[in-house]
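Novice: File target05.pdb below, PDB, C-alpha atoms:
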```pdb
MODEL        1
ATOM      1  CA  MET K1383     -62.704  23.432  50.908
ATOM      2  CA  GLY K1384     -63.305  22.345  47.304
ATOM      3  CA  SER K1385     -60.889  20.556  44.989
ATOM      4  CA  ARG K1386     -59.820  23.865  43.400
ATOM      5  CA  ALA K1387     -58.821  25.228  46.797
ATOM      6  CA  ARG K1388     -57.008  22.019  47.713
ATOM      7  CA  GLY K1389     -55.119  22.259  44.446
ATOM      8  CA  ALA K1390     -54.100  25.798  45.337
ATOM      9  CA  CYS K1391     -52.736  24.593  48.671
ATOM     10  CA  LEU K1392     -50.669  21.927  46.977
ATOM     11  CA  VAL K1393     -49.379  24.277  44.316
ATOM     12  CA  ALA K1394     -48.324  26.574  47.133
ATOM     13  CA  LEU K1395     -46.404  23.638  48.605
ATOM     14  CA  ALA K1396     -44.688  22.967  45.292
ATOM     15  CA  ILE K1397     -43.637  26.586  44.926
ATOM     16  CA  VAL K1398     -43.059  27.665  48.518
ATOM     17  CA  ALA K1399     -42.044  24.503  50.395
ATOM     18  CA  ILE K1400     -39.681  23.641  47.757
ATOM     19  CA  GLY K1401     -39.060  23.951  50.770
ATOM     20  CA  CYS K1402     -30.437 -10.011  48.932
ATOM     21  CA  GLN K1403     -32.454  -9.357  52.077
ATOM     22  CA  LYS K1404     -32.923  -5.742  52.937
ATOM     23  CA  VAL K1405     -36.158  -4.480  54.408
ATOM     24  CA  TRP K1406     -38.168  -2.875  51.584
ATOM     25  CA  GLY K1407     -35.027  -2.985  49.439
ATOM     26  CA  PHE K1408     -35.169  -2.713  45.660
ATOM     27  CA  GLU K1409     -33.078  -5.866  45.441
ATOM     28  CA  ASP K1410     -35.538  -7.791  47.580
ATOM     29  CA  PHE K1411     -38.773  -7.401  45.680
ATOM     30  CA  GLU K1412     -39.489 -11.108  45.938
ATOM     31  CA  GLU K1413     -42.571 -13.103  45.198
ATOM     32  CA  GLY K1414     -44.471 -14.352  48.188
ATOM     33  CA  PRO K1415     -47.642 -13.845  50.191
ATOM     34  CA  GLY K1416     -48.971 -10.302  50.548
ATOM     35  CA  VAL K1417     -48.596  -8.582  53.899
ATOM     36  CA  GLY K1418     -51.154  -6.663  55.899
ATOM     37  CA  GLY K1419     -50.760  -4.704  59.107
ATOM     38  CA  ALA K1420     -50.669  -7.200  61.942
ATOM     39  CA  ALA K1421     -50.183 -10.249  59.758
ATOM     40  CA  GLY K1422     -46.419  -9.673  59.492
ATOM     41  CA  ALA K1423     -44.102 -10.920  56.789
ATOM     42  CA  GLY K1424     -45.518 -13.887  54.977
ATOM     43  CA  GLY K1425     -49.072 -13.266  56.188
ATOM     44  CA  ALA K1426     -52.169 -12.615  54.113
ATOM     45  CA  GLY K1427     -52.691  -8.981  53.109
ATOM     46  CA  MET K1428     -55.682  -7.232  54.647
ATOM     47  CA  GLY K1429     -58.463  -5.803  52.533
ATOM     48  CA  GLY K1430     -59.220  -2.098  52.494
ATOM     49  CA  GLY K1431     -62.935  -1.924  53.258
ATOM     50  CA  ALA K1432     -64.661  -2.828  56.482
ATOM     51  CA  GLY K1433     -65.573  -6.489  56.474
ATOM     52  CA  ALA K1434     -63.795  -7.110  53.170
ATOM     53  CA  ALA K1435     -62.106 -10.450  52.605
ATOM     54  CA  PRO K1436     -58.301 -10.398  52.906
ATOM     55  CA  CYS K1437     -56.348  -9.885  49.701
ATOM     56  CA  GLU K1438     -54.446 -13.022  48.759
ATOM     57  CA  HIS K1439     -52.475 -13.984  45.649
ATOM     58  CA  PRO K1440     -49.758 -16.639  45.267
ATOM     59  CA  SER K1441     -47.444 -14.197  43.455
ATOM     60  CA  ALA K1442     -48.044 -11.153  45.664
ATOM     61  CA  PRO K1443     -44.705  -9.566  46.637
ATOM     62  CA  ALA K1444     -43.537 -10.166  50.173
ATOM     63  CA  GLY K1445     -43.528  -7.008  52.260
ATOM     64  CA  MET K1446     -46.360  -5.224  50.457
ATOM     65  CA  ALA K1447     -49.794  -4.543  51.968
ATOM     66  CA  GLY K1448     -52.854  -5.949  50.233
ATOM     67  CA  VAL K1449     -55.597  -3.364  49.675
ATOM     68  CA  ARG K1450     -59.193  -4.128  48.722
ATOM     69  CA  THR K1451     -60.248  -1.515  46.156
ATOM     70  CA  GLN K1452     -63.665   0.045  45.716
ATOM     71  CA  ASP K1453     -64.466  -2.268  42.813
ATOM     72  CA  GLY K1454     -63.699  -5.351  44.929
ATOM     73  CA  SER K1455     -60.334  -6.206  43.355
ATOM     74  CA  CYS K1456     -56.986  -6.144  45.157
ATOM     75  CA  VAL K1457     -53.794  -4.161  44.774
ATOM     76  CA  TRP K1458     -50.592  -4.476  46.789
ATOM     77  CA  VAL K1459     -48.912  -1.285  48.025
ATOM     78  CA  ASP K1460     -45.516  -0.436  49.555
ATOM     79  CA  PRO K1461     -46.104   0.179  53.268
ATOM     80  CA  LYS K1462     -43.473   2.944  53.217
ATOM     81  CA  GLU K1463     -42.269   5.552  50.768
ATOM     82  CA  VAL K1464     -39.154   4.620  48.790
ATOM     83  CA  THR K1465     -36.052   5.837  50.616
ATOM     84  CA  ARG K1466     -32.904   7.603  49.458
ATOM     85  CA  ASP K1467     -30.910   4.473  50.256
ATOM     86  CA  GLN K1468     -33.170   2.240  48.152
ATOM     87  CA  TYR K1469     -33.104   4.635  45.223
ATOM     88  CA  ASP K1470     -29.325   5.014  45.390
ATOM     89  CA  ALA K1471     -28.981   1.230  44.968
ATOM     90  CA  PHE K1472     -31.205   1.398  41.890
ATOM     91  CA  ARG K1473     -29.767   4.430  40.106
ATOM     92  CA  THR K1474     -26.380   2.761  39.631
ATOM     93  CA  THR K1475     -28.052   0.163  37.380
ATOM     94  CA  SER K1476     -28.787   0.599  33.685
ATOM     95  CA  PRO K1477     -32.483  -0.228  33.206
ATOM     96  CA  ALA K1478     -34.020  -0.158  29.755
ATOM     97  CA  LYS K1479     -36.183   2.883  29.150
ATOM     98  CA  PRO K1480     -39.871   1.995  28.944
ATOM     99  CA  GLN K1481     -42.279   3.505  26.449
ATOM    100  CA  GLY K1482     -43.019   7.113  27.318
ATOM    101  CA  CYS K1483     -39.650   7.765  28.978
ATOM    102  CA  SER K1484     -37.416   8.391  25.967
ATOM    103  CA  TRP K1485     -36.901  11.944  27.218
ATOM    104  CA  ASN K1486     -35.449  10.769  30.535
ATOM    105  CA  SER K1487     -31.703  11.399  30.329
ATOM    106  CA  SER K1488     -30.511  10.402  33.806
ATOM    107  CA  LEU K1489     -31.505   8.609  36.994
ATOM    108  CA  ASP K1490     -29.216  10.943  38.941
ATOM    109  CA  ALA K1491     -31.334  14.080  38.650
ATOM    110  CA  PRO K1492     -34.766  15.167  37.421
ATOM    111  CA  GLU K1493     -35.091  16.599  33.928
ATOM    112  CA  SER K1494     -36.147  19.973  35.333
ATOM    113  CA  THR K1495     -36.513  21.811  38.636
ATOM    114  CA  GLN K1496     -38.097  25.047  39.810
ATOM    115  CA  PRO K1497     -35.612  27.895  40.394
ATOM    116  CA  ALA K1498     -37.378  28.772  43.652
ATOM    117  CA  SER K1499     -37.220  25.130  44.756
ATOM    118  CA  PRO K1500     -33.757  23.790  43.891
ATOM    119  CA  CYS K1501     -32.901  20.106  44.108
ATOM    120  CA  LEU K1502     -29.524  18.832  45.212
ATOM    121  CA  GLY K1503     -29.817  15.525  43.380
ATOM    122  CA  PRO K1504     -32.000  12.581  44.417
ATOM    123  CA  GLY K1505     -33.215  13.209  47.941
ATOM    124  CA  GLY K1506     -31.844  16.740  48.119
ATOM    125  CA  ILE K1507     -34.080  18.899  50.278
ATOM    126  CA  ALA K1508     -32.160  22.148  49.705
ATOM    127  CA  ASP K1509     -32.619  22.989  53.379
ATOM    128  CA  GLY K1510     -30.140  25.737  54.223
ATOM    129  CA  GLY K1511     -27.824  24.569  51.439
ATOM    130  CA  ALA K1512     -27.266  21.175  53.064
ATOM    131  CA  ASP K1513     -25.169  18.681  51.137
ATOM    132  CA  ALA K1514     -27.500  15.987  49.781
ATOM    133  CA  GLY K1515     -24.946  13.343  50.744
ATOM    134  CA  SER K1516     -25.266  14.245  54.408
ATOM    135  CA  LEU K1517     -28.995  13.549  54.600
ATOM    136  CA  ASP K1518     -30.520  10.559  56.391
ATOM    137  CA  PRO K1519     -30.652   7.582  53.960
ATOM    138  CA  ASN K1520     -34.061   6.651  55.418
ATOM    139  CA  LEU K1521     -35.658   9.901  54.299
ATOM    140  CA  PRO K1522     -38.058   9.466  51.397
ATOM    141  CA  VAL K1523     -36.229   9.967  48.124
ATOM    142  CA  THR K1524     -37.337  13.196  46.464
ATOM    143  CA  CYS K1525     -36.091  15.316  43.549
ATOM    144  CA  VAL K1526     -36.916  12.457  41.184
ATOM    145  CA  ASP K1527     -38.992  12.986  38.063
ATOM    146  CA  TRP K1528     -41.872  10.713  37.090
ATOM    147  CA  CYS K1529     -39.794   8.414  34.891
ATOM    148  CA  ASP K1530     -37.117   8.002  37.559
ATOM    149  CA  ALA K1531     -39.840   6.766  39.926
ATOM    150  CA  TYR K1532     -41.622   4.667  37.312
ATOM    151  CA  MET K1533     -38.410   2.923  36.222
ATOM    152  CA  PHE K1534     -37.542   2.107  39.855
ATOM    153  CA  CYS K1535     -40.903   0.389  40.301
ATOM    154  CA  LEU K1536     -40.619  -1.477  36.985
ATOM    155  CA  ALA K1537     -37.223  -2.833  38.032
ATOM    156  CA  ARG K1538     -38.972  -4.366  41.040
ATOM    157  CA  GLY K1539     -41.700  -5.946  38.911
ATOM    158  CA  ALA K1540     -44.167  -3.316  40.077
ATOM    159  CA  THR K1541     -45.512   0.048  38.921
ATOM    160  CA  LEU K1542     -46.488   3.442  40.237
ATOM    161  CA  CYS K1543     -49.958   3.282  41.775
ATOM    162  CA  PRO K1544     -52.538   3.468  38.949
ATOM    163  CA  GLY K1545     -55.446   5.874  38.742
ATOM    164  CA  GLN K1546     -57.169   8.455  36.532
ATOM    165  CA  TYR K1547     -55.636  11.895  36.188
ATOM    166  CA  GLY K1548     -57.607  14.537  38.065
ATOM    167  CA  LYS K1549     -59.896  12.011  39.782
ATOM    168  CA  ALA K1550     -59.277  12.458  43.509
ATOM    169  CA  THR K1551     -61.443   9.568  44.684
ATOM    170  CA  GLN K1552     -60.384   6.957  42.142
ATOM    171  CA  GLY K1553     -57.352   4.723  41.809
ATOM    172  CA  ALA K1554     -55.186   2.407  43.869
ATOM    173  CA  TRP K1555     -53.441   5.182  45.820
ATOM    174  CA  TYR K1556     -56.751   6.649  47.003
ATOM    175  CA  ASP K1557     -58.132   3.222  47.894
ATOM    176  CA  ALA K1558     -55.021   2.478  49.964
ATOM    177  CA  CYS K1559     -55.210   5.819  51.779
ATOM    178  CA  SER K1560     -58.964   5.756  52.400
ATOM    179  CA  SER K1561     -59.325   2.002  53.086
ATOM    180  CA  GLY K1562     -61.473   1.521  50.006
ATOM    181  CA  GLY K1563     -63.261   4.872  50.219
ATOM    182  CA  GLY K1564     -64.230   4.603  53.889
ATOM    183  CA  ASN K1565     -61.909   7.249  55.378
ATOM    184  CA  ASP K1566     -60.829  10.805  54.598
ATOM    185  CA  TRP K1567     -57.404  10.420  56.207
ATOM    186  CA  PRO K1568     -55.319   7.259  56.484
ATOM    187  CA  TYR K1569     -56.263   6.740  60.121
ATOM    188  CA  GLY K1570     -59.983   7.558  59.955
ATOM    189  CA  LYS K1571     -62.813   9.902  58.987
ATOM    190  CA  ALA K1572     -61.958  12.787  61.329
ATOM    191  CA  TYR K1573     -58.811  14.893  61.053
ATOM    192  CA  GLU K1574     -56.384  14.691  63.977
ATOM    193  CA  PRO K1575     -53.583  17.290  64.089
ATOM    194  CA  LYS K1576     -49.984  16.054  64.348
ATOM    195  CA  ARG K1577     -50.831  12.430  63.542
ATOM    196  CA  CYS K1578     -49.107  12.857  60.171
ATOM    197  CA  ASN K1579     -46.230  15.012  58.938
ATOM    198  CA  ASP K1580     -48.383  17.845  57.583
ATOM    199  CA  ASN K1581     -48.250  21.511  58.587
ATOM    200  CA  SER K1582     -49.812  20.748  61.985
ATOM    201  CA  ALA K1583     -46.557  18.968  62.932
ATOM    202  CA  GLY K1584     -44.765  22.322  62.881
ATOM    203  CA  ALA K1585     -41.335  21.175  61.656
ATOM    204  CA  ALA K1586     -42.047  21.647  57.911
ATOM    205  CA  VAL K1587     -39.344  19.121  56.941
ATOM    206  CA  LEU K1588     -39.381  15.551  55.706
ATOM    207  CA  GLU K1589     -39.029  12.758  58.257
ATOM    208  CA  PRO K1590     -37.613   9.232  57.836
ATOM    209  CA  VAL K1591     -40.203   6.915  56.322
ATOM    210  CA  GLY K1592     -42.448   5.287  58.903
ATOM    211  CA  ASN K1593     -41.260   7.677  61.613
ATOM    212  CA  LYS K1594     -44.832   8.840  62.248
ATOM    213  CA  THR K1595     -46.224   5.639  63.728
ATOM    214  CA  THR K1596     -49.552   7.410  64.259
ATOM    215  CA  CYS K1597     -49.885   8.080  60.518
ATOM    216  CA  THR K1598     -50.915   4.645  59.283
ATOM    217  CA  THR K1599     -53.884   2.984  57.647
ATOM    218  CA  PRO K1600     -55.617   0.109  59.499
ATOM    219  CA  ASN K1601     -53.499  -2.378  57.539
ATOM    220  CA  GLY K1602     -50.194  -0.670  58.250
ATOM    221  CA  ILE K1603     -49.390   1.673  55.341
ATOM    222  CA  PHE K1604     -47.407   4.726  56.494
ATOM    223  CA  ASP K1605     -47.275   8.363  55.416
ATOM    224  CA  LEU K1606     -50.078   8.474  52.873
ATOM    225  CA  ALA K1607     -50.855  11.917  54.303
ATOM    226  CA  GLY K1608     -47.988  14.362  54.573
ATOM    227  CA  ASN K1609     -44.254  13.650  54.540
ATOM    228  CA  ALA K1610     -43.374  13.344  50.811
ATOM    229  CA  SER K1611     -46.082  13.888  48.246
ATOM    230  CA  GLU K1612     -46.114  10.885  45.886
ATOM    231  CA  TRP K1613     -46.007  10.378  42.129
ATOM    232  CA  THR K1614     -48.740   8.109  40.748
ATOM    233  CA  ALA K1615     -49.535   6.609  37.341
ATOM    234  CA  ALA K1616     -52.604   8.850  36.952
ATOM    235  CA  CYS K1617     -51.337  10.758  33.919
ATOM    236  CA  VAL K1618     -52.162  12.498  30.668
ATOM    237  CA  GLY K1619     -49.758  12.253  27.715
ATOM    238  CA  GLU K1620     -46.200  10.944  27.725
ATOM    239  CA  SER K1621     -43.917  13.955  27.184
ATOM    240  CA  ALA K1622     -41.801  15.533  29.913
ATOM    241  CA  SER K1623     -44.227  18.478  30.044
ATOM    242  CA  ASP K1624     -47.390  16.348  30.318
ATOM    243  CA  GLU K1625     -48.737  15.909  33.815
ATOM    244  CA  CYS K1626     -49.256  13.139  36.353
ATOM    245  CA  ASP K1627     -51.002  13.448  39.694
ATOM    246  CA  THR K1628     -49.012  13.578  42.904
ATOM    247  CA  ARG K1629     -50.972  12.564  45.983
ATOM    248  CA  GLY K1630     -51.169  13.102  49.736
ATOM    249  CA  GLY K1631     -49.484  16.464  50.183
ATOM    250  CA  GLY K1632     -46.312  17.194  52.101
ATOM    251  CA  PRO K1633     -44.998  18.728  55.324
ATOM    252  CA  ASN K1634     -46.305  22.223  54.487
ATOM    253  CA  ASP K1635     -49.820  21.151  53.492
ATOM    254  CA  ASP K1636     -52.913  21.723  55.592
ATOM    255  CA  GLN K1637     -55.412  19.058  56.614
ATOM    256  CA  LEU K1638     -57.150  19.080  53.235
ATOM    257  CA  GLY K1639     -54.040  19.175  51.071
ATOM    258  CA  ALA K1640     -52.570  16.285  53.077
ATOM    259  CA  SER K1641     -55.696  14.139  52.931
ATOM    260  CA  CYS K1642     -56.721  11.103  50.906
ATOM    261  CA  GLU K1643     -58.194  13.486  48.314
ATOM    262  CA  GLY K1644     -55.149  15.743  48.252
ATOM    263  CA  LYS K1645     -53.631  15.904  44.762
ATOM    264  CA  VAL K1646     -51.806  18.177  42.355
ATOM    265  CA  GLY K1647     -50.728  17.559  38.773
ATOM    266  CA  LEU K1648     -47.043  18.077  37.979
ATOM    267  CA  ALA K1649     -45.075  17.853  34.743
ATOM    268  CA  ARG K1650     -43.514  14.399  34.388
ATOM    269  CA  GLY K1651     -40.027  15.805  33.993
ATOM    270  CA  LEU K1652     -40.154  17.989  37.108
ATOM    271  CA  GLY K1653     -38.386  17.075  40.339
ATOM    272  CA  LEU K1654     -39.252  18.797  43.612
ATOM    273  CA  PRO K1655     -37.709  18.479  47.085
ATOM    274  CA  THR K1656     -40.995  17.329  48.609
ATOM    275  CA  VAL K1657     -42.179  14.867  45.927
ATOM    276  CA  GLY K1658     -41.248  11.193  46.178
ATOM    277  CA  PHE K1659     -43.114   7.946  45.521
ATOM    278  CA  ARG K1660     -44.023   4.386  46.483
ATOM    279  CA  CYS K1661     -44.783   1.358  44.290
ATOM    280  CA  CYS K1662     -47.876  -0.754  43.695
ATOM    281  CA  TRP K1663     -48.274  -4.300  42.384
ATOM    282  CA  LEU K1664     -51.318  -5.583  40.481
ATOM    283  CA  PRO K1665     -51.999  -9.272  39.866
ATOM    284  CA  PRO K1666     -51.431 -10.360  36.272
ATOM    285  CA  THR K1667     -54.574 -10.370  34.147
TER     286      THR K1667
ENDMDL
END
```
What do you get writing this file as structure tokens?
Specialist:
Amino acid sequence: MGSRARGACLVALAIVAIGCQKVWGFEDFEEGPGVGGAAGAGGAGMGGGAGAAPCEHPSAPAGMAGVRTQDGSCVWVDPKEVTRDQYDAFRTTSPAKPQGCSWNSSLDAPESTQPASPCLGPGGIADGGADAGSLDPNLPVTCVDWCDAYMFCLARGATLCPGQYGKATQGAWYDACSSGGGNDWPYGKAYEPKRCNDNSAGAAVLEPVGNKTTCTTPNGIFDLAGNASEWTAACVGESASDECDTRGGGPNDDQLGASCEGKVGLARGLGLPTVGFRCCWLPPT
């Protein structure tokens, strides 16, 4: 299936599917050695490509996985999607608005939603009219617009994963998912049904982050295929109607939509019940 067809699958998801020491906590984005799969906290982050040297940097945030990119540099990536609990701790703060987010009026709700895909506030899945407050705090936070996600990452000294809008095989998110371009799915070159929370899983709902222990990259990054689709910093323009790429598909996507090349552009101001995010950190230049 070509990129146009994959885009159609993801658009269908957007319209139809829609619908201090905490682990990965916003408060705990501390400086320290990067982390890679088996290395554990405080270990050296693993590189993305086969045979690549480990990613190491004295200021790399503890708890993030080091990824060797296709150009040989390193980026550090959240091993799990940001949760409702983590975002709730952040949205009670009053961060300064960065350039390009002057239109963002609240951290409590996206600027716009789709009538067919209502949001119930941050993390609201709108599943059978469920109260957003009753949902599992370890679910990926969704129903956040691009600036909500971007400001969360900035408050942690990080950013949304960089890339080029419309370029499926470029950028830090793709390199993390594909292990530097070597794989088509986080776990390897060949698709395996039910390894990730895509439409092969059957449930068609979000799962707590990291719940799918089979859906990991070799260096321990979870849910880059399926579960929540993820905002990235691959964007055009800065207005609420300008678009940024979301990556990886969601629980209603097929094997191509929920692959390392899966992407769809969404308006920055839009919040959807299946779109969340994770953060990236780049060494200072």
Novice: Using only C-alpha atoms, which of K:Leu1536, K:Val1457, K:Val1449, K:Ala1491 sits nearest Thr1599 in chain K?
Specialist: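 Distance minimum relative to Thr1599 in chain K lands on K:Val1449.
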Novice: Under the rule that all atoms listed in the file are counted, which of K:Gly1644, K:Gly1448, K:Pro1665, K:Pro1500 is the nearest residue to Gly1632 in chain K?
Specialist: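 The answer is K:Gly1644, which sits nearest to Gly1632 in chain K.
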Novice: Where does the PyMOL selection byres ((chain K and resi 1466) around 7) land in this file, that is, which residues does it pick, as a VMD selection string?
Specialist: chain K and resid 1464 to 1465 1467 to 1470 1505 1519 to 1523
Novice: Go through K:Arg1538, K:Arg1450, K:Lys1645, K:Lys1462 one by one, measure the shortest atom-to-atom distance of each to Val1591 in chain K using all atoms listed in the file, and give the residue with the smallest value.
Specialist: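 Result for the nearest residue to Val1591 in chain K: K:Lys1462.
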Novice: Please determine the residues with any atom at most 10 Å from (-54.6, 5.9, 48.9) (coordinates as given in the file, with all atoms listed in the file counting) and report them as a JSON list (two decimals) with C-alpha atoms, keeping the file's coordinate frame.
Specialist:
```json
[["chain", "number", "residue", "atom", "x", "y", "z"],
["K", 1430, "GLY", "CA", -59.22, -2.10, 52.49],
["K", 1449, "VAL", "CA", -55.60, -3.36, 49.68],
["K", 1451, "THR", "CA", -60.25, -1.52, 46.16],
["K", 1459, "VAL", "CA", -48.91, -1.28, 48.02],
["K", 1543, "CYS", "CA", -49.96, 3.28, 41.78],
["K", 1550, "ALA", "CA", -59.28, 12.46, 43.51],
["K", 1551, "THR", "CA", -61.44, 9.57, 44.68],
["K", 1552, "GLN", "CA", -60.38, 6.96, 42.14],
["K", 1553, "GLY", "CA", -57.35, 4.72, 41.81],
["K", 1554, "ALA", "CA", -55.19, 2.41, 43.87],
["K", 1555, "TRP", "CA", -53.44, 5.18, 45.82],
["K", 1556, "TYR", "CA", -56.75, 6.65, 47.00],
["K", 1557, "ASP", "CA", -58.13, 3.22, 47.89],
["K", 1558, "ALA", "CA", -55.02, 2.48, 49.96],
["K", 1559, "CYS", "CA", -55.21, 5.82, 51.78],
["K", 1560, "SER", "CA", -58.96, 5.76, 52.40],
["K", 1561, "SER", "CA", -59.32, 2.00, 53.09],
["K", 1562, "GLY", "CA", -61.47, 1.52, 50.01],
["K", 1563, "GLY", "CA", -63.26, 4.87, 50.22],
["K", 1565, "ASN", "CA", -61.91, 7.25, 55.38],
["K", 1566, "ASP", "CA", -60.83, 10.80, 54.60],
["K", 1567, "TRP", "CA", -57.40, 10.42, 56.21],
["K", 1568, "PRO", "CA", -55.32, 7.26, 56.48],
["K", 1599, "THR", "CA", -53.88, 2.98, 57.65],
["K", 1603, "ILE", "CA", -49.39, 1.67, 55.34],
["K", 1606, "LEU", "CA", -50.08, 8.47, 52.87],
["K", 1607, "ALA", "CA", -50.86, 11.92, 54.30],
["K", 1629, "ARG", "CA", -50.97, 12.56, 45.98],
["K", 1630, "GLY", "CA", -51.17, 13.10, 49.74],
["K", 1641, "SER", "CA", -55.70, 14.14, 52.93],
["K", 1642, "CYS", "CA", -56.72, 11.10, 50.91],
["K", 1643, "GLU", "CA", -58.19, 13.49, 48.31],
["K", 1644, "GLY", "CA", -55.15, 15.74, 48.25]]
```
Novice: Using all atoms listed in the file, find all polymer residues with an atom at most 12 Å away from the point (-33.1, -4.8, 29.6); report them as number ranges by chain.
Specialist: K: 1475-1480, 1533, 1536-1537
Novice: I would like the residues chosen by the PyMOL selection byres ((chain K and resi 1540-1542) around 6) on the shown file; could you give them as number ranges by chain?
Specialist: K: 1532, 1535-1536, 1538-1539, 1543, 1614-1615, 1661-1663
Novice: Which residue is closest to Ala1640 in chain K? Choose from K:Cys1597, K:Cys1501, K:Met1446, K:Ala1435 and count all atoms listed in the file.
Specialist: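 Smallest distance to Ala1640 in chain K is found for K:Cys1597.
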